[in-house]
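Coordinates as given in target_14.tsv (TSV, N, CA and C atoms):
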```
chain	number	residue	atom	x	y	z
E	506	MET	N	0.82	-1.21	0.00
E	506	MET	CA	0.00	0.00	0.00
E	506	MET	C	0.85	1.26	0.00
E	507	ASN	N	2.13	1.14	-0.02
E	507	ASN	CA	3.01	2.30	-0.07
E	507	ASN	C	2.80	3.27	1.08
E	508	GLY	N	2.56	2.74	2.29
E	508	GLY	CA	2.45	3.60	3.45
E	508	GLY	C	1.08	4.17	3.71
E	509	TYR	N	0.11	3.89	2.87
E	509	TYR	CA	-1.24	4.39	3.08
E	509	TYR	C	-2.06	3.34	3.80
E	510	SER	N	-2.89	3.79	4.72
E	510	SER	CA	-3.74	2.84	5.41
E	510	SER	C	-5.02	2.63	4.61
E	511	ILE	N	-5.54	1.43	4.71
E	511	ILE	CA	-6.78	1.11	4.01
E	511	ILE	C	-7.94	1.57	4.87
E	512	SER	N	-8.84	2.32	4.28
E	512	SER	CA	-10.01	2.82	4.98
E	512	SER	C	-11.16	1.86	4.76
E	513	SER	N	-12.05	1.81	5.74
E	513	SER	CA	-13.25	1.01	5.55
E	513	SER	C	-14.28	1.78	4.73
E	514	ARG	N	-14.03	3.07	4.56
E	514	ARG	CA	-14.92	3.91	3.74
E	514	ARG	C	-14.40	3.91	2.31
E	515	PRO	N	-15.30	3.87	1.31
E	515	PRO	CA	-14.84	3.93	-0.07
E	515	PRO	C	-14.08	5.23	-0.34
E	516	VAL	N	-12.99	5.12	-1.08
E	516	VAL	CA	-12.14	6.27	-1.38
E	516	VAL	C	-12.49	6.81	-2.76
E	517	VAL	N	-12.79	8.12	-2.80
E	517	VAL	CA	-13.12	8.82	-4.04
E	517	VAL	C	-11.97	9.76	-4.38
E	518	LEU	N	-11.50	9.67	-5.61
E	518	LEU	CA	-10.50	10.62	-6.12
E	518	LEU	C	-11.25	11.73	-6.82
E	519	LEU	N	-11.21	12.92	-6.23
E	519	LEU	CA	-11.94	14.10	-6.72
E	519	LEU	C	-10.96	15.01	-7.46
E	520	VAL	N	-11.24	15.25	-8.75
E	520	VAL	CA	-10.37	16.08	-9.58
E	520	VAL	C	-11.17	17.30	-10.03
E	521	GLU	N	-10.87	18.44	-9.43
E	521	GLU	CA	-11.63	19.68	-9.68
E	521	GLU	C	-10.69	20.85	-9.45
E	522	ASP	N	-10.54	21.72	-10.46
E	522	ASP	CA	-9.62	22.84	-10.33
E	522	ASP	C	-10.21	24.03	-9.60
E	523	GLU	N	-11.53	24.15	-9.55
E	523	GLU	CA	-12.15	25.28	-8.84
E	523	GLU	C	-12.20	24.96	-7.35
E	524	LEU	N	-11.41	25.69	-6.58
E	524	LEU	CA	-11.21	25.38	-5.16
E	524	LEU	C	-12.53	25.30	-4.38
E	525	LEU	N	-13.40	26.27	-4.52
E	525	LEU	CA	-14.63	26.27	-3.73
E	525	LEU	C	-15.54	25.11	-4.11
E	526	VAL	N	-15.60	24.80	-5.40
E	526	VAL	CA	-16.40	23.65	-5.85
E	526	VAL	C	-15.80	22.36	-5.30
E	527	ARG	N	-14.46	22.25	-5.37
E	527	ARG	CA	-13.78	21.05	-4.86
E	527	ARG	C	-14.02	20.89	-3.36
E	528	MET	N	-13.91	21.97	-2.61
E	528	MET	CA	-14.11	21.90	-1.16
E	528	MET	C	-15.54	21.50	-0.81
E	529	ALA	N	-16.51	22.11	-1.48
E	529	ALA	CA	-17.91	21.80	-1.20
E	529	ALA	C	-18.24	20.35	-1.57
E	530	THR	N	-17.74	19.90	-2.70
E	530	THR	CA	-17.99	18.53	-3.13
E	530	THR	C	-17.31	17.54	-2.18
E	531	ALA	N	-16.08	17.82	-1.80
E	531	ALA	CA	-15.36	16.95	-0.86
E	531	ALA	C	-16.10	16.86	0.47
E	532	ASP	N	-16.58	17.99	0.97
E	532	ASP	CA	-17.32	17.99	2.24
E	532	ASP	C	-18.59	17.16	2.13
E	533	ALA	N	-19.32	17.32	1.02
E	533	ALA	CA	-20.56	16.58	0.83
E	533	ALA	C	-20.28	15.08	0.72
E	534	LEU	N	-19.23	14.71	0.01
E	534	LEU	CA	-18.89	13.30	-0.11
E	534	LEU	C	-18.42	12.71	1.22
E	535	THR	N	-17.66	13.47	1.96
E	535	THR	CA	-17.23	13.01	3.29
E	535	THR	C	-18.44	12.80	4.19
E	536	ASP	N	-19.36	13.75	4.18
E	536	ASP	CA	-20.58	13.63	4.98
E	536	ASP	C	-21.41	12.42	4.57
E	537	ALA	N	-21.30	12.01	3.29
E	537	ALA	CA	-22.06	10.87	2.78
E	537	ALA	C	-21.36	9.53	3.05
E	538	GLY	N	-20.19	9.58	3.69
E	538	GLY	CA	-19.54	8.34	4.07
E	538	GLY	C	-18.35	7.92	3.23
E	539	PHE	N	-17.80	8.84	2.45
E	539	PHE	CA	-16.64	8.53	1.62
E	539	PHE	C	-15.39	9.19	2.18
E	540	ASP	N	-14.24	8.58	1.93
E	540	ASP	CA	-12.97	9.26	2.11
E	540	ASP	C	-12.65	9.91	0.77
E	541	VAL	N	-12.15	11.13	0.79
E	541	VAL	CA	-11.93	11.88	-0.44
E	541	VAL	C	-10.48	12.31	-0.54
E	542	ILE	N	-9.90	12.05	-1.70
E	542	ILE	CA	-8.58	12.57	-2.03
E	542	ILE	C	-8.81	13.65	-3.07
E	543	GLU	N	-8.38	14.86	-2.76
E	543	GLU	CA	-8.61	16.00	-3.65
E	543	GLU	C	-7.38	16.31	-4.48
E	544	THR	N	-7.59	16.53	-5.78
E	544	THR	CA	-6.54	17.03	-6.65
E	544	THR	C	-7.12	18.13	-7.53
E	545	ALA	N	-6.25	19.01	-8.01
E	545	ALA	CA	-6.70	20.15	-8.81
E	545	ALA	C	-6.52	19.95	-10.31
E	546	HIS	N	-5.85	18.87	-10.71
E	546	HIS	CA	-5.65	18.63	-12.14
E	546	HIS	C	-5.35	17.15	-12.39
E	547	ALA	N	-5.39	16.77	-13.65
E	547	ALA	CA	-5.27	15.37	-14.04
E	547	ALA	C	-3.92	14.77	-13.69
E	548	GLN	N	-2.84	15.52	-13.85
E	548	GLN	CA	-1.52	14.96	-13.56
E	548	GLN	C	-1.40	14.56	-12.09
E	549	ALA	N	-1.92	15.39	-11.19
E	549	ALA	CA	-1.90	15.04	-9.77
E	549	ALA	C	-2.75	13.80	-9.51
E	550	ALA	N	-3.88	13.70	-10.20
E	550	ALA	CA	-4.74	12.54	-10.05
E	550	ALA	C	-4.01	11.26	-10.49
E	551	LEU	N	-3.28	11.33	-11.59
E	551	LEU	CA	-2.53	10.17	-12.06
E	551	LEU	C	-1.47	9.74	-11.06
E	552	GLU	N	-0.82	10.71	-10.43
E	552	GLU	CA	0.18	10.37	-9.41
E	552	GLU	C	-0.47	9.63	-8.25
E	553	VAL	N	-1.66	10.07	-7.84
E	553	VAL	CA	-2.38	9.37	-6.77
E	553	VAL	C	-2.71	7.95	-7.21
E	554	LEU	N	-3.24	7.80	-8.41
E	554	LEU	CA	-3.64	6.48	-8.90
E	554	LEU	C	-2.44	5.53	-9.00
E	555	GLN	N	-1.28	6.05	-9.34
E	555	GLN	CA	-0.10	5.21	-9.46
E	555	GLN	C	0.43	4.75	-8.11
E	556	HIS	N	0.09	5.46	-7.04
E	556	HIS	CA	0.64	5.14	-5.72
E	556	HIS	C	-0.36	4.55	-4.74
E	557	ARG	N	-1.61	4.49	-5.13
E	557	ARG	CA	-2.63	3.93	-4.24
E	557	ARG	C	-3.45	2.89	-4.96
E	558	ASP	N	-3.81	1.86	-4.24
E	558	ASP	CA	-4.65	0.83	-4.85
E	558	ASP	C	-6.02	0.74	-4.19
E	559	ASP	N	-6.37	1.78	-3.43
E	559	ASP	CA	-7.67	1.76	-2.75
E	559	ASP	C	-8.68	2.75	-3.33
E	560	ILE	N	-8.37	3.35	-4.48
E	560	ILE	CA	-9.31	4.29	-5.11
E	560	ILE	C	-10.49	3.49	-5.66
E	561	ARG	N	-11.68	3.85	-5.21
E	561	ARG	CA	-12.88	3.13	-5.65
E	561	ARG	C	-13.63	3.84	-6.76
E	562	VAL	N	-13.51	5.20	-6.83
E	562	VAL	CA	-14.25	5.98	-7.83
E	562	VAL	C	-13.42	7.20	-8.21
E	563	LEU	N	-13.46	7.54	-9.51
E	563	LEU	CA	-12.91	8.80	-10.00
E	563	LEU	C	-14.07	9.74	-10.25
E	564	PHE	N	-14.01	10.93	-9.66
E	564	PHE	CA	-15.00	11.99	-9.89
E	564	PHE	C	-14.22	13.16	-10.47
E	565	THR	N	-14.40	13.45	-11.76
E	565	THR	CA	-13.56	14.46	-12.40
E	565	THR	C	-14.36	15.49	-13.18
E	566	ASP	N	-13.90	16.72	-13.09
E	566	ASP	CA	-14.39	17.79	-13.94
E	566	ASP	C	-13.74	17.61	-15.31
E	567	VAL	N	-14.34	18.19	-16.34
E	567	VAL	CA	-13.78	18.08	-17.68
E	567	VAL	C	-12.73	19.15	-17.92
E	568	LYS	N	-13.11	20.40	-17.73
E	568	LYS	CA	-12.23	21.52	-18.07
E	568	LYS	C	-11.35	21.87	-16.88
E	569	MET	N	-10.03	21.71	-17.08
E	569	MET	CA	-9.08	22.05	-16.02
E	569	MET	C	-7.72	22.33	-16.64
E	570	PRO	N	-6.86	22.99	-15.88
E	570	PRO	CA	-5.54	23.34	-16.43
E	570	PRO	C	-4.66	22.10	-16.60
E	571	GLY	N	-3.63	22.27	-17.39
E	571	GLY	CA	-2.67	21.19	-17.58
E	571	GLY	C	-2.77	20.59	-18.96
E	572	SER	N	-1.98	19.57	-19.18
E	572	SER	CA	-1.88	18.96	-20.50
E	572	SER	C	-2.99	17.96	-20.78
E	573	MET	N	-3.79	17.62	-19.77
E	573	MET	CA	-4.82	16.62	-19.93
E	573	MET	C	-6.12	17.13	-19.30
E	574	ASP	N	-7.23	17.03	-20.04
E	574	ASP	CA	-8.51	17.42	-19.45
E	574	ASP	C	-9.17	16.20	-18.80
E	575	GLY	N	-10.33	16.40	-18.23
E	575	GLY	CA	-11.01	15.34	-17.51
E	575	GLY	C	-11.46	14.18	-18.38
E	576	LEU	N	-11.81	14.46	-19.63
E	576	LEU	CA	-12.19	13.37	-20.53
E	576	LEU	C	-10.99	12.50	-20.88
E	577	GLU	N	-9.86	13.13	-21.11
E	577	GLU	CA	-8.64	12.35	-21.38
E	577	GLU	C	-8.23	11.54	-20.15
E	578	LEU	N	-8.36	12.14	-18.98
E	578	LEU	CA	-8.07	11.42	-17.74
E	578	LEU	C	-9.01	10.23	-17.60
E	579	ALA	N	-10.29	10.44	-17.83
E	579	ALA	CA	-11.27	9.35	-17.71
E	579	ALA	C	-10.96	8.22	-18.68
E	580	ASP	N	-10.59	8.56	-19.92
E	580	ASP	CA	-10.23	7.54	-20.90
E	580	ASP	C	-9.01	6.73	-20.44
E	581	LEU	N	-8.03	7.43	-19.91
E	581	LEU	CA	-6.82	6.75	-19.42
E	581	LEU	C	-7.15	5.84	-18.24
E	582	VAL	N	-7.95	6.34	-17.31
E	582	VAL	CA	-8.34	5.52	-16.16
E	582	VAL	C	-9.13	4.30	-16.61
E	583	ARG	N	-10.02	4.47	-17.58
E	583	ARG	CA	-10.80	3.33	-18.07
E	583	ARG	C	-9.88	2.26	-18.66
E	584	ARG	N	-8.82	2.68	-19.36
E	584	ARG	CA	-7.90	1.72	-19.97
E	584	ARG	C	-6.97	1.07	-18.93
E	585	ARG	N	-6.42	1.89	-18.02
E	585	ARG	CA	-5.41	1.39	-17.08
E	585	ARG	C	-5.98	0.79	-15.81
E	586	TRP	N	-7.09	1.34	-15.36
E	586	TRP	CA	-7.74	0.88	-14.13
E	586	TRP	C	-9.22	0.64	-14.42
E	587	PRO	N	-9.53	-0.36	-15.22
E	587	PRO	CA	-10.92	-0.56	-15.67
E	587	PRO	C	-11.90	-0.86	-14.55
E	588	HIS	N	-11.39	-1.24	-13.39
E	588	HIS	CA	-12.27	-1.55	-12.26
E	588	HIS	C	-12.76	-0.29	-11.53
E	589	ILE	N	-12.22	0.87	-11.85
E	589	ILE	CA	-12.59	2.11	-11.15
E	589	ILE	C	-13.75	2.78	-11.89
E	590	PRO	N	-14.91	2.88	-11.25
E	590	PRO	CA	-16.03	3.61	-11.87
E	590	PRO	C	-15.69	5.10	-12.00
E	591	ILE	N	-16.32	5.74	-12.99
E	591	ILE	CA	-15.99	7.14	-13.31
E	591	ILE	C	-17.26	7.98	-13.34
E	592	VAL	N	-17.18	9.14	-12.67
E	592	VAL	CA	-18.22	10.16	-12.76
E	592	VAL	C	-17.55	11.39	-13.35
E	593	ILE	N	-18.15	11.92	-14.42
E	593	ILE	CA	-17.63	13.09	-15.10
E	593	ILE	C	-18.62	14.23	-14.92
E	594	THR	N	-18.10	15.42	-14.65
E	594	THR	CA	-18.95	16.59	-14.48
E	594	THR	C	-18.44	17.75	-15.32
E	595	SER	N	-19.38	18.59	-15.75
E	595	SER	CA	-18.99	19.77	-16.52
E	595	SER	C	-20.14	20.77	-16.53
E	596	GLY	N	-19.78	22.02	-16.53
E	596	GLY	CA	-20.76	23.07	-16.72
E	596	GLY	C	-20.73	23.60	-18.14
E	597	HIS	N	-19.81	23.06	-18.96
E	597	HIS	CA	-19.60	23.56	-20.31
E	597	HIS	C	-20.02	22.58	-21.40
E	598	LEU	N	-19.92	21.31	-21.11
E	598	LEU	CA	-20.21	20.29	-22.12
E	598	LEU	C	-21.51	19.57	-21.82
E	599	LYS	N	-22.12	19.07	-22.85
E	599	LYS	CA	-23.29	18.21	-22.72
E	599	LYS	C	-22.83	16.79	-23.01
E	600	PRO	N	-23.33	15.80	-22.27
E	600	PRO	CA	-22.83	14.43	-22.46
E	600	PRO	C	-23.06	13.90	-23.87
E	601	GLU	N	-24.11	14.35	-24.54
E	601	GLU	CA	-24.36	13.85	-25.89
E	601	GLU	C	-23.40	14.45	-26.91
E	602	SER	N	-22.65	15.49	-26.53
E	602	SER	CA	-21.74	16.14	-27.47
E	602	SER	C	-20.33	15.56	-27.42
E	603	VAL	N	-20.08	14.67	-26.47
E	603	VAL	CA	-18.75	14.06	-26.34
E	603	VAL	C	-18.90	12.56	-26.14
E	604	ARG	N	-17.83	11.85	-26.40
E	604	ARG	CA	-17.84	10.42	-26.17
E	604	ARG	C	-17.30	10.15	-24.77
E	605	LEU	N	-18.19	9.68	-23.90
E	605	LEU	CA	-17.78	9.33	-22.55
E	605	LEU	C	-17.22	7.91	-22.54
E	606	PRO	N	-16.32	7.61	-21.62
E	606	PRO	CA	-15.85	6.23	-21.51
E	606	PRO	C	-17.02	5.30	-21.18
E	607	ASP	N	-16.88	4.04	-21.54
E	607	ASP	CA	-17.93	3.07	-21.25
E	607	ASP	C	-18.29	3.09	-19.77
E	608	ASP	N	-19.57	3.08	-19.50
E	608	ASP	CA	-20.12	3.02	-18.15
E	608	ASP	C	-19.86	4.25	-17.29
E	609	ALA	N	-19.31	5.32	-17.87
E	609	ALA	CA	-19.11	6.55	-17.09
E	609	ALA	C	-20.46	7.24	-16.91
E	610	VAL	N	-20.60	7.91	-15.78
E	610	VAL	CA	-21.80	8.67	-15.46
E	610	VAL	C	-21.48	10.14	-15.61
E	611	PHE	N	-22.43	10.92	-16.14
E	611	PHE	CA	-22.24	12.36	-16.32
E	611	PHE	C	-23.18	13.12	-15.40
E	612	ILE	N	-22.66	14.14	-14.73
E	612	ILE	CA	-23.47	15.05	-13.91
E	612	ILE	C	-23.18	16.47	-14.39
E	613	ALA	N	-24.24	17.18	-14.78
E	613	ALA	CA	-24.07	18.56	-15.25
E	613	ALA	C	-23.89	19.49	-14.05
E	614	LYS	N	-23.03	20.50	-14.24
E	614	LYS	CA	-22.88	21.57	-13.25
E	614	LYS	C	-23.86	22.67	-13.61
E	615	PRO	N	-24.36	23.38	-12.66
E	615	PRO	CA	-24.19	23.16	-11.22
E	615	PRO	C	-25.03	21.98	-10.76
E	616	TYR	N	-24.49	21.21	-9.86
E	616	TYR	CA	-25.22	20.07	-9.33
E	616	TYR	C	-25.55	20.33	-7.87
E	617	GLY	N	-26.58	19.66	-7.39
E	617	GLY	CA	-26.97	19.79	-6.00
E	617	GLY	C	-25.96	19.12	-5.09
E	618	GLU	N	-25.99	19.46	-3.83
E	618	GLU	CA	-25.03	18.97	-2.86
E	618	GLU	C	-24.99	17.44	-2.80
E	619	LYS	N	-26.14	16.80	-2.94
E	619	LYS	CA	-26.20	15.35	-2.80
E	619	LYS	C	-25.94	14.59	-4.10
E	620	ALA	N	-25.96	15.26	-5.24
E	620	ALA	CA	-25.85	14.59	-6.54
E	620	ALA	C	-24.58	13.74	-6.69
E	621	PRO	N	-23.40	14.24	-6.32
E	621	PRO	CA	-22.21	13.40	-6.47
E	621	PRO	C	-22.29	12.10	-5.65
E	622	ALA	N	-22.73	12.20	-4.41
E	622	ALA	CA	-22.81	11.01	-3.56
E	622	ALA	C	-23.83	10.02	-4.09
E	623	VAL	N	-24.97	10.52	-4.56
E	623	VAL	CA	-26.00	9.62	-5.11
E	623	VAL	C	-25.45	8.88	-6.32
E	624	ALA	N	-24.77	9.59	-7.22
E	624	ALA	CA	-24.21	8.96	-8.41
E	624	ALA	C	-23.15	7.92	-8.04
E	625	ILE	N	-22.29	8.26	-7.10
E	625	ILE	CA	-21.22	7.34	-6.69
E	625	ILE	C	-21.80	6.12	-6.00
E	626	GLN	N	-22.75	6.33	-5.09
E	626	GLN	CA	-23.36	5.19	-4.41
E	626	GLN	C	-24.01	4.23	-5.39
E	627	ALA	N	-24.64	4.76	-6.44
E	627	ALA	CA	-25.27	3.90	-7.46
E	627	ALA	C	-24.21	3.07	-8.20
E	628	LEU	N	-23.03	3.64	-8.42
E	628	LEU	CA	-21.96	2.90	-9.10
E	628	LEU	C	-21.35	1.81	-8.24
E	629	LEU	N	-21.41	1.97	-6.94
E	629	LEU	CA	-20.75	1.03	-6.03
E	629	LEU	C	-21.67	-0.09	-5.58
E	630	VAL	N	-22.90	-0.09	-6.04
E	630	VAL	CA	-23.84	-1.14	-5.62
E	630	VAL	C	-23.50	-2.45	-6.29
```
What would the structure in this file look like if it were written as structure tokens?
Amino acid sequence: MNGYSISSRPVVLLVEDELLVRMATADALTDAGFDVIETAHAQAALEVLQHRDDIRVLFTDVKMPGSMDGLELADLVRRRWPHIPIVITSGHLKPESVRLPDDAVFIAKPYGEKAPAVAIQALLV
């Protein structure tokens, strides 16, 4: 486990560059019973994925800084870690206008406080 302890709570990797949105989403997910690892861009998320084997769900925004956006991150996660369910969110894109990875769930922004947890819980059933 590379020094990380295994939690009995499902671990969600949250990738969101907007600090206030990331904080609010992380708080809501924590309140819903998840452990949350927060990152601000795809490269940081990949580093987490390479060093931890307890990530149960990827929750990523599409538009963010760096060389890789959330859709590219989701595609990479689907190929490299196919067991990790993916939730994609965006306030700019419509799900029918892009190709989402197989079995990925889309949530439009702005979303309600409970929407991320509801989507994640449905994926983990």
Could you list, as number ranges by chain, every residue within 12 Å of Ala531 of chain E, counting only C-alpha atoms and ignoring same-chain residues fewer than 6 positions away? E: 516-521, 523-525, 537-544, 564-565, 618-619, 621-622
Asp566 of chain E surroundings by all atoms listed in the file, 7 Å radius, close-in-sequence under 4 positions cut, as number ranges by chain: E: 519-522, 574-576, 592-595
Save out the residues we just selected, N, CA and C atoms, as a PDB file, in the frame of the given file.
```pdb
ATOM      1  N   LEU E 519     -11.210  12.920  -6.230  1.00  0.00           N
ATOM      2  CA  LEU E 519     -11.940  14.100  -6.720  1.00  0.00           C
ATOM      3  C   LEU E 519     -10.960  15.010  -7.460  1.00  0.00           C
ATOM      4  N   VAL E 520     -11.240  15.250  -8.750  1.00  0.00           N
ATOM      5  CA  VAL E 520     -10.370  16.080  -9.580  1.00  0.00           C
ATOM      6  C   VAL E 520     -11.170  17.300 -10.030  1.00  0.00           C
ATOM      7  N   GLU E 521     -10.870  18.440  -9.430  1.00  0.00           N
ATOM      8  CA  GLU E 521     -11.630  19.680  -9.680  1.00  0.00           C
ATOM      9  C   GLU E 521     -10.690  20.850  -9.450  1.00  0.00           C
ATOM     10  N   ASP E 522     -10.540  21.720 -10.460  1.00  0.00           N
ATOM     11  CA  ASP E 522      -9.620  22.840 -10.330  1.00  0.00           C
ATOM     12  C   ASP E 522     -10.210  24.030  -9.600  1.00  0.00           C
ATOM     13  N   ASP E 574      -7.230  17.030 -20.040  1.00  0.00           N
ATOM     14  CA  ASP E 574      -8.510  17.420 -19.450  1.00  0.00           C
ATOM     15  C   ASP E 574      -9.170  16.200 -18.800  1.00  0.00           C
ATOM     16  N   GLY E 575     -10.330  16.400 -18.230  1.00  0.00           N
ATOM     17  CA  GLY E 575     -11.010  15.340 -17.510  1.00  0.00           C
ATOM     18  C   GLY E 575     -11.460  14.180 -18.380  1.00  0.00           C
ATOM     19  N   LEU E 576     -11.810  14.460 -19.630  1.00  0.00           N
ATOM     20  CA  LEU E 576     -12.190  13.370 -20.530  1.00  0.00           C
ATOM     21  C   LEU E 576     -10.990  12.500 -20.880  1.00  0.00           C
ATOM     22  N   VAL E 592     -17.180   9.140 -12.670  1.00  0.00           N
ATOM     23  CA  VAL E 592     -18.220  10.160 -12.760  1.00  0.00           C
ATOM     24  C   VAL E 592     -17.550  11.390 -13.350  1.00  0.00           C
ATOM     25  N   ILE E 593     -18.150  11.920 -14.420  1.00  0.00           N
ATOM     26  CA  ILE E 593     -17.630  13.090 -15.100  1.00  0.00           C
ATOM     27  C   ILE E 593     -18.620  14.230 -14.920  1.00  0.00           C
ATOM     28  N   THR E 594     -18.100  15.420 -14.650  1.00  0.00           N
ATOM     29  CA  THR E 594     -18.950  16.590 -14.480  1.00  0.00           C
ATOM     30  C   THR E 594     -18.440  17.750 -15.320  1.00  0.00           C
ATOM     31  N   SER E 595     -19.380  18.590 -15.750  1.00  0.00           N
ATOM     32  CA  SER E 595     -18.990  19.770 -16.520  1.00  0.00           C
ATOM     33  C   SER E 595     -20.140  20.770 -16.530  1.00  0.00           C
TER      34      SER E 595
END
```
Pull the strand (DSSP E or B) assignments for chain E out of DSSP run on the backbone, and list those residues as a list in words. Val516, Val517, Leu518, Leu519, Val520, Asp540, Val541, Ile542, Glu543, Thr544, Ile560, Arg561, Val562, Leu563, Phe564, Thr565, Asp566, Ile591, Val592, Ile593, Thr594, Ser595, Val610, Phe611, Ile612 and Ala613 of chain E
How would the residues just picked look written out with N, CA and C atoms as a PDB file, keeping the file's coordinate frame?
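Contents of the output file again02.pdb:
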```
ATOM      1  N   VAL E 516     -12.990   5.120  -1.080  1.00  0.00           N
ATOM      2  CA  VAL E 516     -12.140   6.270  -1.380  1.00  0.00           C
ATOM      3  C   VAL E 516     -12.490   6.810  -2.760  1.00  0.00           C
ATOM      4  N   VAL E 517     -12.790   8.120  -2.800  1.00  0.00           N
ATOM      5  CA  VAL E 517     -13.120   8.820  -4.040  1.00  0.00           C
ATOM      6  C   VAL E 517     -11.970   9.760  -4.380  1.00  0.00           C
ATOM      7  N   LEU E 518     -11.500   9.670  -5.610  1.00  0.00           N
ATOM      8  CA  LEU E 518     -10.500  10.620  -6.120  1.00  0.00           C
ATOM      9  C   LEU E 518     -11.250  11.730  -6.820  1.00  0.00           C
ATOM     10  N   LEU E 519     -11.210  12.920  -6.230  1.00  0.00           N
ATOM     11  CA  LEU E 519     -11.940  14.100  -6.720  1.00  0.00           C
ATOM     12  C   LEU E 519     -10.960  15.010  -7.460  1.00  0.00           C
ATOM     13  N   VAL E 520     -11.240  15.250  -8.750  1.00  0.00           N
ATOM     14  CA  VAL E 520     -10.370  16.080  -9.580  1.00  0.00           C
ATOM     15  C   VAL E 520     -11.170  17.300 -10.030  1.00  0.00           C
ATOM     16  N   ASP E 540     -14.240   8.580   1.930  1.00  0.00           N
ATOM     17  CA  ASP E 540     -12.970   9.260   2.110  1.00  0.00           C
ATOM     18  C   ASP E 540     -12.650   9.910   0.770  1.00  0.00           C
ATOM     19  N   VAL E 541     -12.150  11.130   0.790  1.00  0.00           N
ATOM     20  CA  VAL E 541     -11.930  11.880  -0.440  1.00  0.00           C
ATOM     21  C   VAL E 541     -10.480  12.310  -0.540  1.00  0.00           C
ATOM     22  N   ILE E 542      -9.900  12.050  -1.700  1.00  0.00           N
ATOM     23  CA  ILE E 542      -8.580  12.570  -2.030  1.00  0.00           C
ATOM     24  C   ILE E 542      -8.810  13.650  -3.070  1.00  0.00           C
ATOM     25  N   GLU E 543      -8.380  14.860  -2.760  1.00  0.00           N
ATOM     26  CA  GLU E 543      -8.610  16.000  -3.650  1.00  0.00           C
ATOM     27  C   GLU E 543      -7.380  16.310  -4.480  1.00  0.00           C
ATOM     28  N   THR E 544      -7.590  16.530  -5.780  1.00  0.00           N
ATOM     29  CA  THR E 544      -6.540  17.030  -6.650  1.00  0.00           C
ATOM     30  C   THR E 544      -7.120  18.130  -7.530  1.00  0.00           C
ATOM     31  N   ILE E 560      -8.370   3.350  -4.480  1.00  0.00           N
ATOM     32  CA  ILE E 560      -9.310   4.290  -5.110  1.00  0.00           C
ATOM     33  C   ILE E 560     -10.490   3.490  -5.660  1.00  0.00           C
ATOM     34  N   ARG E 561     -11.680   3.850  -5.210  1.00  0.00           N
ATOM     35  CA  ARG E 561     -12.880   3.130  -5.650  1.00  0.00           C
ATOM     36  C   ARG E 561     -13.630   3.840  -6.760  1.00  0.00           C
ATOM     37  N   VAL E 562     -13.510   5.200  -6.830  1.00  0.00           N
ATOM     38  CA  VAL E 562     -14.250   5.980  -7.830  1.00  0.00           C
ATOM     39  C   VAL E 562     -13.420   7.200  -8.210  1.00  0.00           C
ATOM     40  N   LEU E 563     -13.460   7.540  -9.510  1.00  0.00           N
ATOM     41  CA  LEU E 563     -12.910   8.800 -10.000  1.00  0.00           C
ATOM     42  C   LEU E 563     -14.070   9.740 -10.250  1.00  0.00           C
ATOM     43  N   PHE E 564     -14.010  10.930  -9.660  1.00  0.00           N
ATOM     44  CA  PHE E 564     -15.000  11.990  -9.890  1.00  0.00           C
ATOM     45  C   PHE E 564     -14.220  13.160 -10.470  1.00  0.00           C
ATOM     46  N   THR E 565     -14.400  13.450 -11.760  1.00  0.00           N
ATOM     47  CA  THR E 565     -13.560  14.460 -12.400  1.00  0.00           C
ATOM     48  C   THR E 565     -14.360  15.490 -13.180  1.00  0.00           C
ATOM     49  N   ASP E 566     -13.900  16.720 -13.090  1.00  0.00           N
ATOM     50  CA  ASP E 566     -14.390  17.790 -13.940  1.00  0.00           C
ATOM     51  C   ASP E 566     -13.740  17.610 -15.310  1.00  0.00           C
ATOM     52  N   ILE E 591     -16.320   5.740 -12.990  1.00  0.00           N
ATOM     53  CA  ILE E 591     -15.990   7.140 -13.310  1.00  0.00           C
ATOM     54  C   ILE E 591     -17.260   7.980 -13.340  1.00  0.00           C
ATOM     55  N   VAL E 592     -17.180   9.140 -12.670  1.00  0.00           N
ATOM     56  CA  VAL E 592     -18.220  10.160 -12.760  1.00  0.00           C
ATOM     57  C   VAL E 592     -17.550  11.390 -13.350  1.00  0.00           C
ATOM     58  N   ILE E 593     -18.150  11.920 -14.420  1.00  0.00           N
ATOM     59  CA  ILE E 593     -17.630  13.090 -15.100  1.00  0.00           C
ATOM     60  C   ILE E 593     -18.620  14.230 -14.920  1.00  0.00           C
ATOM     61  N   THR E 594     -18.100  15.420 -14.650  1.00  0.00           N
ATOM     62  CA  THR E 594     -18.950  16.590 -14.480  1.00  0.00           C
ATOM     63  C   THR E 594     -18.440  17.750 -15.320  1.00  0.00           C
ATOM     64  N   SER E 595     -19.380  18.590 -15.750  1.00  0.00           N
ATOM     65  CA  SER E 595     -18.990  19.770 -16.520  1.00  0.00           C
ATOM     66  C   SER E 595     -20.140  20.770 -16.530  1.00  0.00           C
ATOM     67  N   VAL E 610     -20.600   7.910 -15.780  1.00  0.00           N
ATOM     68  CA  VAL E 610     -21.800   8.670 -15.460  1.00  0.00           C
ATOM     69  C   VAL E 610     -21.480  10.140 -15.610  1.00  0.00           C
ATOM     70  N   PHE E 611     -22.430  10.920 -16.140  1.00  0.00           N
ATOM     71  CA  PHE E 611     -22.240  12.360 -16.320  1.00  0.00           C
ATOM     72  C   PHE E 611     -23.180  13.120 -15.400  1.00  0.00           C
ATOM     73  N   ILE E 612     -22.660  14.140 -14.730  1.00  0.00           N
ATOM     74  CA  ILE E 612     -23.470  15.050 -13.910  1.00  0.00           C
ATOM     75  C   ILE E 612     -23.180  16.470 -14.390  1.00  0.00           C
ATOM     76  N   ALA E 613     -24.240  17.180 -14.780  1.00  0.00           N
ATOM     77  CA  ALA E 613     -24.070  18.560 -15.250  1.00  0.00           C
ATOM     78  C   ALA E 613     -23.890  19.490 -14.050  1.00  0.00           C
TER      79      ALA E 613
END
```
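Pairwise distance (atom C of Asp608 of chain E, atom N of Ile591 of chain E) equals 5.8 Å.
For the pair atom CA of Pro590 of chain E and atom CA of Val562 of chain E, the interatomic distance is 5.0 Å.
Relative to atom CA of Pro615 of chain E, atom CA of Leu554 of chain E is found at 26.6 Å.
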